[in-house]
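K.L.:
Shown below is the structure under consideration.
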Amino acid sequence: MISAVRGTRDILPDQVERWQRVEGVARRVCSRYGYYELRTPIIEREELFSKGTGESTDIVQKEMYSFDDKGGQRVTLRPEATPGIVRAFVEHALEQSLSVAKLFTLGPMFRYERPQKGRYRQFHQLNVEVFGVAEASLDAEVMEMACTLVGELGIDETELVINSVGCPSCRPAFSEALLKALGKDLPKLCVDCQRRAKTNPLRIFDCKVEADQPTIGRLPHSTDYLCDACREHFEAVQRYLRLYNQPFQLSHRLVRGLDYYTRTTFELLSSKLGAQNALLGGGRYDGLVKRLGGPDRPGIGFAAGLERLVLALPHSNDQMASDVFVAAIGPSAQDAVFVLARTLRVAGLRTLVDHKTRSAKAQMKRANRAGVRHVVILGDDELAAGEVTIKTMATGEQCKVARNQVVDILLSAS
RNA sequence: GUGAGUGUAGCUCAAGGGUAGAGCGCCGGUCUGUGGCACCGGAUGUUGGGGGUUCGAAUCCCCUCACUCACCCCA
């Protein structure tokens with residue numbers, strides 16, 4: 001047997017309804033907030049991610065599916081969507097053609113990681129991005145929309161956490177302050193923290209090692225080192241969130257793993273997901289468009305994990321169901337059943353027939369399992385009389401009606 | 001990349017050296033033109049794969065693969 005590649009999985013028919021619900025709500029909510037859908041390729045040049053996502057990130061250093069194509073070009077299965085969207089925005093000069101560049105996309109991403117609950121090698125994201133607006137009111141609108149989307153899916157027990165990681169003019173001072181505050185305590189921290197101190201000191205806040213917590217708890221906060229502009233922006237973001245009545249938690253330990261974030265960062269956490277508890281995460285990335293060769297435009301966005309949204313979705317009893325089963329009794333009715341089934345389908349009814357010749361009982365049993373509301377029975381008696389028998393499964397009642405009335409009756413009954 | 005746990009029928013799981021089982025599901029019958037309930041019958045396994053120990057391995061040992069959860073990282 002050939003099995004699915006590790007970390008990938010089939011979404012089976014009984015799960016697809018949940019996925020479509022998530023995708024449908026996502027599209028509707030985005031549309032209501034003025035976003036347009038954009039679809040970008042799944043493969044991009046590798047350099048898009050090394051430049052965009054950032055050379056120092058784990059994603060670029062060890063998680064990318066990269067290969068040389070037959071023409072010798074170095075390409076990568078996208079590990080995240082933002083760089084591709086920025087590329088498209090720049091490549092097609094979308095700020096010229098769109099009044100406001102509010103874009104969203106839905107699709108698969110690929111990261112070579114060890115799979116676990118809520119984490120797969122092929123996973124799916126909703127990405128939402130806005131280019132060209134620097135105002136704090138947009139930060140709040142984006143977060144409020146993310147929470148609304150999750151709320152409309154019926155997902156509860158969530159928490160919005162926000163932070164500000166500053167900008168290129170104030171962050172270096174903070175990194176320096178961090179290292180200074182650590183001082184002689186640094187060698188006492190775990191090996192990962194030692195590494196982080198060298199590559200990206202902010203990420204020390206991500207540490208979950210118990211023994212490190214007292215030391216980390218004494219470290220200064222990024223928000224104490226923000227420059228005036230960043231501090232004003234962050235305060236304004238909070239003011240707008242309150243204006244929207246959007247609850248949030250400040251977390252100075254929320255530092256995200258991608259290199260491009262500036263100022264606002266946020267995550268929406270769920271208590272129902274296990275260790276991978278972020279339903280969505282994002283932030284502002286004011287330097288990214290320029291870094292990827294475009295005009296100097298601010299940007300902000302977030303990515304939501306569709307697997308995680310589906311996982312957190314309340315369970316419902318929706319099941320796969322058709323409307324009608326057309327049963328043939330006796331071989332002479334077989335052709336008439338096929339023709340009638342086609343007529344019902346043209347009329348828009350979800351209709352099943354059995355292509356194997358089976359007893360009436362067997363067909364009824366199948367109809368019952370398929371969960372249809374009505375069974376239309378065609379046998380010698382009905383053929384002779386130009387009628388059909390309609391049986392309503394829930395009540396067991398049945399009646400005979402003229403052949404030419406079947407469609408109308410079934411349509412009004414379902 | 002690291003650690004732990006688990007791999008037996010479509011699914012959930014028994015059998016812990018001596019003939020591979022149950023429940024559910026599936027197919028059929030009792031009911032030759034009627035589902036659900038009941039009863040009866042039937043099909044389905046290289047016990048994840050490979051090697052070893054043994055007269056004999058689902059069972060013990062080694063290797064390997066996969067899954068799950070956690071670390072890491074992130075959606």
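Going by the structure tokens order, chains are called A, B, ..., each with residues numbered from 1, while ligands are numbered from 1 in the order shown.
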Pull the closest atom pair for each residue of chain B that gets at most 12 Å from chain A, along with the distance in Å to one decimal, counting only C-alpha atoms (C1' of nucleotides), ordering rows by chain and then ascending residue number, as a tab-separated table.

P.N.:
residue	atom	partner	partner_atom	distance
B:G1	C1'	A:Arg114	CA	8.9
B:U2	C1'	A:Arg114	CA	10.7
B:G25	C1'	A:Arg369	CA	11.7
B:C26	C1'	A:Arg366	CA	11.5
B:C27	C1'	A:Ala362	CA	9.9
B:G28	C1'	A:Ala362	CA	9.0
B:G29	C1'	A:Lys361	CA	11.1
B:C31	C1'	A:Lys361	CA	8.5
B:U32	C1'	A:Ser359	CA	9.0
B:G33	C1'	A:Ala360	CA	6.4
B:U34	C1'	A:Lys361	CA	5.8
B:G35	C1'	A:Lys365	CA	4.6
B:G36	C1'	A:Asn368	CA	7.6
B:G48	C1'	A:Met1	CA	10.6
B:G49	C1'	A:Met1	CA	11.4
B:C65	C1'	A:Arg6	CA	10.9
B:A66	C1'	A:Arg6	CA	8.3
B:C67	C1'	A:Arg6	CA	9.5
B:U68	C1'	A:Gln116	CA	7.5
B:C69	C1'	A:Gln116	CA	6.9
B:A70	C1'	A:Ala275	CA	7.9
B:C71	C1'	A:Lys208	CA	9.8
B:C72	C1'	A:Asp192	CA	9.2
B:C73	C1'	A:Asp58	CA	7.1
B:C74	C1'	A:Gln276	CA	7.5
B:A75	C1'	A:Gly305	CA	3.8

K.L.:
Which residues come within 12 Å of G16 in chain B, counting only C-alpha atoms (C1' of nucleotides), excluding same-chain residues fewer than 6 positions away, as an mmCIF file with C-alpha atoms (C1' of nucleotides), in the first residue's frame?

P.N.:
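Below you can see result29.cif, which holds the result:
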data_model
loop_
_atom_site.group_PDB
_atom_site.id
_atom_site.type_symbol
_atom_site.label_atom_id
_atom_site.label_comp_id
_atom_site.auth_asym_id
_atom_site.auth_seq_id
_atom_site.Cartn_x
_atom_site.Cartn_y
_atom_site.Cartn_z
ATOM 1 C "C1'" A B 57 6.183 -15.909 17.538
ATOM 2 C "C1'" A B 58 0.627 -11.314 17.182
ATOM 3 C "C1'" U B 59 3.259 -12.548 21.862
ATOM 4 C "C1'" C B 60 10.439 -12.486 23.336
#

K.L.:
Considering only C-alpha atoms, state which residue in the set A:Gly166, A:Asp212, A:Ala321, A:Thr389 is at the smallest distance from Arg231 in chain A.

P.N.:
A:Gly166

K.L.:
What does the distance from CA of Arg242 in chain A to CA of Ala140 in chain A come to in Å, to one decimal?

P.N.:
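Calculated distance between CA of Arg242 in chain A and CA of Ala140 in chain A is 9.1 Å.
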
K.L.:
Rounded to one decimal place, report the CA of Arg171 in chain A-CA of Thr262 in chain A distance in Å.

P.N.:
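Answer for the CA of Arg171 in chain A to CA of Thr262 in chain A separation: 9.1 Å.
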
K.L.:
Report as a list in words all protein, DNA and RNA residues lying within 10 Å of range 72-74 of chain A, evaluated on only C-alpha atoms (C1' of nucleotides), omitting residues in the same chain fewer than 2 positions from it.

P.N.:
Glu44, Arg45, Glu46, Glu47, Ser66, Phe67, Asp68, Asp69, Lys70 and Thr76 of chain A

K.L.:
For range 349-354 of chain A, please output as a PyMOL selection string all residues within 7 Å (counting only C-alpha atoms (C1' of nucleotides); exclusion window: fewer than 3 positions along the same chain).

P.N.:
chain A and resi 322-327+341+344-345

K.L.:
Leaving out Lys51 in chain A and any residue of its chain fewer than 6 positions from it, which residues lie within 10 Å of it when counting only C-alpha atoms (C1' of nucleotides), given as a PyMOL selection string?

P.N.:
chain A and resi 60+83+259-260+288+291-292

K.L.:
Take the residues just selected and output them with N, CA and C atoms as a tab-separated table (two decimals), in the first residue's frame.

P.N.:
chain	number	residue	atom	x	y	z
A	60	VAL	N	13.39	29.52	7.16
A	60	VAL	CA	14.32	29.56	6.04
A	60	VAL	C	15.51	28.64	6.30
A	83	PRO	N	5.26	36.77	1.71
A	83	PRO	CA	6.21	37.22	0.69
A	83	PRO	C	5.64	37.11	-0.74
A	259	ASP	N	11.28	37.60	10.73
A	259	ASP	CA	12.17	38.75	10.87
A	259	ASP	C	11.51	40.08	10.56
A	260	TYR	N	10.43	40.06	9.77
A	260	TYR	CA	9.97	41.34	9.23
A	260	TYR	C	9.03	42.14	10.11
A	288	LEU	N	8.83	45.61	4.76
A	288	LEU	CA	8.93	44.41	3.90
A	288	LEU	C	8.75	44.71	2.41
A	291	ARG	N	11.85	46.11	1.07
A	291	ARG	CA	12.92	45.12	1.06
A	291	ARG	C	12.78	44.17	-0.13
A	292	LEU	N	11.56	43.94	-0.56
A	292	LEU	CA	11.35	43.05	-1.69
A	292	LEU	C	11.28	43.81	-3.01

K.L.:
Could you please write out, as a count of residues only, every residue of range 255-407 of chain A that DSSP assigns to strand (DSSP E)?

P.N.:
47

K.L.:
I want to know what sits within 12 Å of Pro168 in chain A, based on only C-alpha atoms (C1' of nucleotides), with residues of the same chain fewer than 3 positions away left out; could you give that as JSON, numbers by chain?

P.N.:
{"A": [165, 171, 172, 173, 174, 175, 226, 227, 229, 230, 259, 260, 261, 262, 263, 285, 286, 287]}

K.L.:
For a test of reading the model, state the distance in Å between CA of Gln249 in chain A and CA of Ser31 in chain A, rounded to one decimal.

P.N.:
27.4 Å

K.L.:
Go through A:Ser316, A:Thr199, A:Gln20, A:Thr223 and flag the residue nearest Gly154 in chain A, using only C-alpha atoms for the distances.

P.N.:
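The shortest atom-to-atom distance to Gly154 in chain A comes from A:Ser316.
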
K.L.:
Compare A:Leu182, A:Val191, A:Ala384, A:Leu250 by their minimum atom-to-atom distance to Pro214 in chain A, counting only C-alpha atoms, and give me the closest one.

P.N.:
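Ranking A:Leu182, A:Val191, A:Ala384, A:Leu250 by distance to Pro214 in chain A, first place goes to A:Leu182.
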
K.L.:
For the helix (DSSP H, G or I) assignment from backbone DSSP, which residues of range 215-273 of chain A qualify? Please present them as a ChimeraX atom specification.

P.N.:
/A:215-217,222-224,228-243

K.L.:
List the neighbours of Val289 in chain A out to 9 Å using only C-alpha atoms (C1' of nucleotides); skip same-chain residues closer than 4 positions along the sequence, and give me the result as a PDB file with N, CA, C and O atoms, in the first residue's frame.

P.N.:
ATOM      1  N   GLY A  52      12.565  37.721   2.153  1.00  0.00           N
ATOM      2  CA  GLY A  52      11.322  38.194   2.750  1.00  0.00           C
ATOM      3  C   GLY A  52      11.108  37.667   4.146  1.00  0.00           C
ATOM      4  O   GLY A  52      11.058  38.434   5.109  1.00  0.00           O
ATOM      5  N   PRO A  83       5.260  36.766   1.709  1.00  0.00           N
ATOM      6  CA  PRO A  83       6.206  37.223   0.689  1.00  0.00           C
ATOM      7  C   PRO A  83       5.644  37.112  -0.736  1.00  0.00           C
ATOM      8  O   PRO A  83       5.882  38.000  -1.565  1.00  0.00           O
ATOM      9  N   VAL A  86       3.257  39.970  -1.287  1.00  0.00           N
ATOM     10  CA  VAL A  86       4.015  41.211  -1.476  1.00  0.00           C
ATOM     11  C   VAL A  86       4.609  41.233  -2.883  1.00  0.00           C
ATOM     12  O   VAL A  86       4.537  42.249  -3.587  1.00  0.00           O
ATOM     13  N   ARG A  87       5.145  40.103  -3.310  1.00  0.00           N
ATOM     14  CA  ARG A  87       5.706  40.039  -4.659  1.00  0.00           C
ATOM     15  C   ARG A  87       4.659  40.389  -5.704  1.00  0.00           C
ATOM     16  O   ARG A  87       4.898  41.185  -6.617  1.00  0.00           O
ATOM     17  N   PHE A  89       1.931  42.086  -5.288  1.00  0.00           N
ATOM     18  CA  PHE A  89       1.557  43.494  -5.110  1.00  0.00           C
ATOM     19  C   PHE A  89       2.540  44.397  -5.845  1.00  0.00           C
ATOM     20  O   PHE A  89       2.158  45.347  -6.539  1.00  0.00           O
ATOM     21  N   VAL A  90       3.833  44.057  -5.728  1.00  0.00           N
ATOM     22  CA  VAL A  90       4.871  44.860  -6.367  1.00  0.00           C
ATOM     23  C   VAL A  90       4.902  44.588  -7.871  1.00  0.00           C
ATOM     24  O   VAL A  90       4.899  45.505  -8.690  1.00  0.00           O
ATOM     25  N   PHE A 131      -1.730  46.876   2.448  1.00  0.00           N
ATOM     26  CA  PHE A 131      -0.530  47.651   2.115  1.00  0.00           C
ATOM     27  C   PHE A 131      -0.875  49.131   2.030  1.00  0.00           C
ATOM     28  O   PHE A 131      -1.942  49.501   1.533  1.00  0.00           O
ATOM     29  N   TYR A 285       4.399  44.954   9.278  1.00  0.00           N
ATOM     30  CA  TYR A 285       5.709  44.714   8.644  1.00  0.00           C
ATOM     31  C   TYR A 285       6.017  45.874   7.716  1.00  0.00           C
ATOM     32  O   TYR A 285       6.033  45.757   6.500  1.00  0.00           O
ATOM     33  N   GLY A 293      11.816  45.014  -3.013  1.00  0.00           N
ATOM     34  CA  GLY A 293      11.977  45.723  -4.277  1.00  0.00           C
ATOM     35  C   GLY A 293      10.827  46.618  -4.669  1.00  0.00           C
ATOM     36  O   GLY A 293      10.776  47.121  -5.794  1.00  0.00           O
ATOM     37  N   GLY A 294       9.879  46.826  -3.759  1.00  0.00           N
ATOM     38  CA  GLY A 294       8.753  47.685  -4.083  1.00  0.00           C
ATOM     39  C   GLY A 294       8.909  49.066  -3.498  1.00  0.00           C
ATOM     40  O   GLY A 294       9.965  49.398  -2.955  1.00  0.00           O
ATOM     41  N   PRO A 295       7.863  49.879  -3.609  1.00  0.00           N
ATOM     42  CA  PRO A 295       7.893  51.209  -2.997  1.00  0.00           C
ATOM     43  C   PRO A 295       7.889  51.077  -1.476  1.00  0.00           C
ATOM     44  O   PRO A 295       7.558  50.024  -0.949  1.00  0.00           O
ATOM     45  N   ASP A 296       8.257  52.132  -0.786  1.00  0.00           N
ATOM     46  CA  ASP A 296       8.317  52.083   0.679  1.00  0.00           C
ATOM     47  C   ASP A 296       6.914  52.238   1.238  1.00  0.00           C
ATOM     48  O   ASP A 296       6.455  53.337   1.508  1.00  0.00           O
ATOM     49  N   ARG A 297       6.226  51.111   1.378  1.00  0.00           N
ATOM     50  CA  ARG A 297       4.847  51.143   1.865  1.00  0.00           C
ATOM     51  C   ARG A 297       4.735  50.303   3.137  1.00  0.00           C
ATOM     52  O   ARG A 297       5.312  49.216   3.211  1.00  0.00           O
ATOM     53  N   PRO A 298       3.987  50.805   4.098  1.00  0.00           N
ATOM     54  CA  PRO A 298       3.772  50.010   5.293  1.00  0.00           C
ATOM     55  C   PRO A 298       2.869  48.815   4.990  1.00  0.00           C
ATOM     56  O   PRO A 298       2.148  48.812   3.982  1.00  0.00           O
ATOM     57  N   GLY A 299       2.899  47.813   5.846  1.00  0.00           N
ATOM     58  CA  GLY A 299       2.045  46.644   5.652  1.00  0.00           C
ATOM     59  C   GLY A 299       1.649  46.044   6.987  1.00  0.00           C
ATOM     60  O   GLY A 299       2.316  46.248   8.007  1.00  0.00           O
TER      61      GLY A 299
END
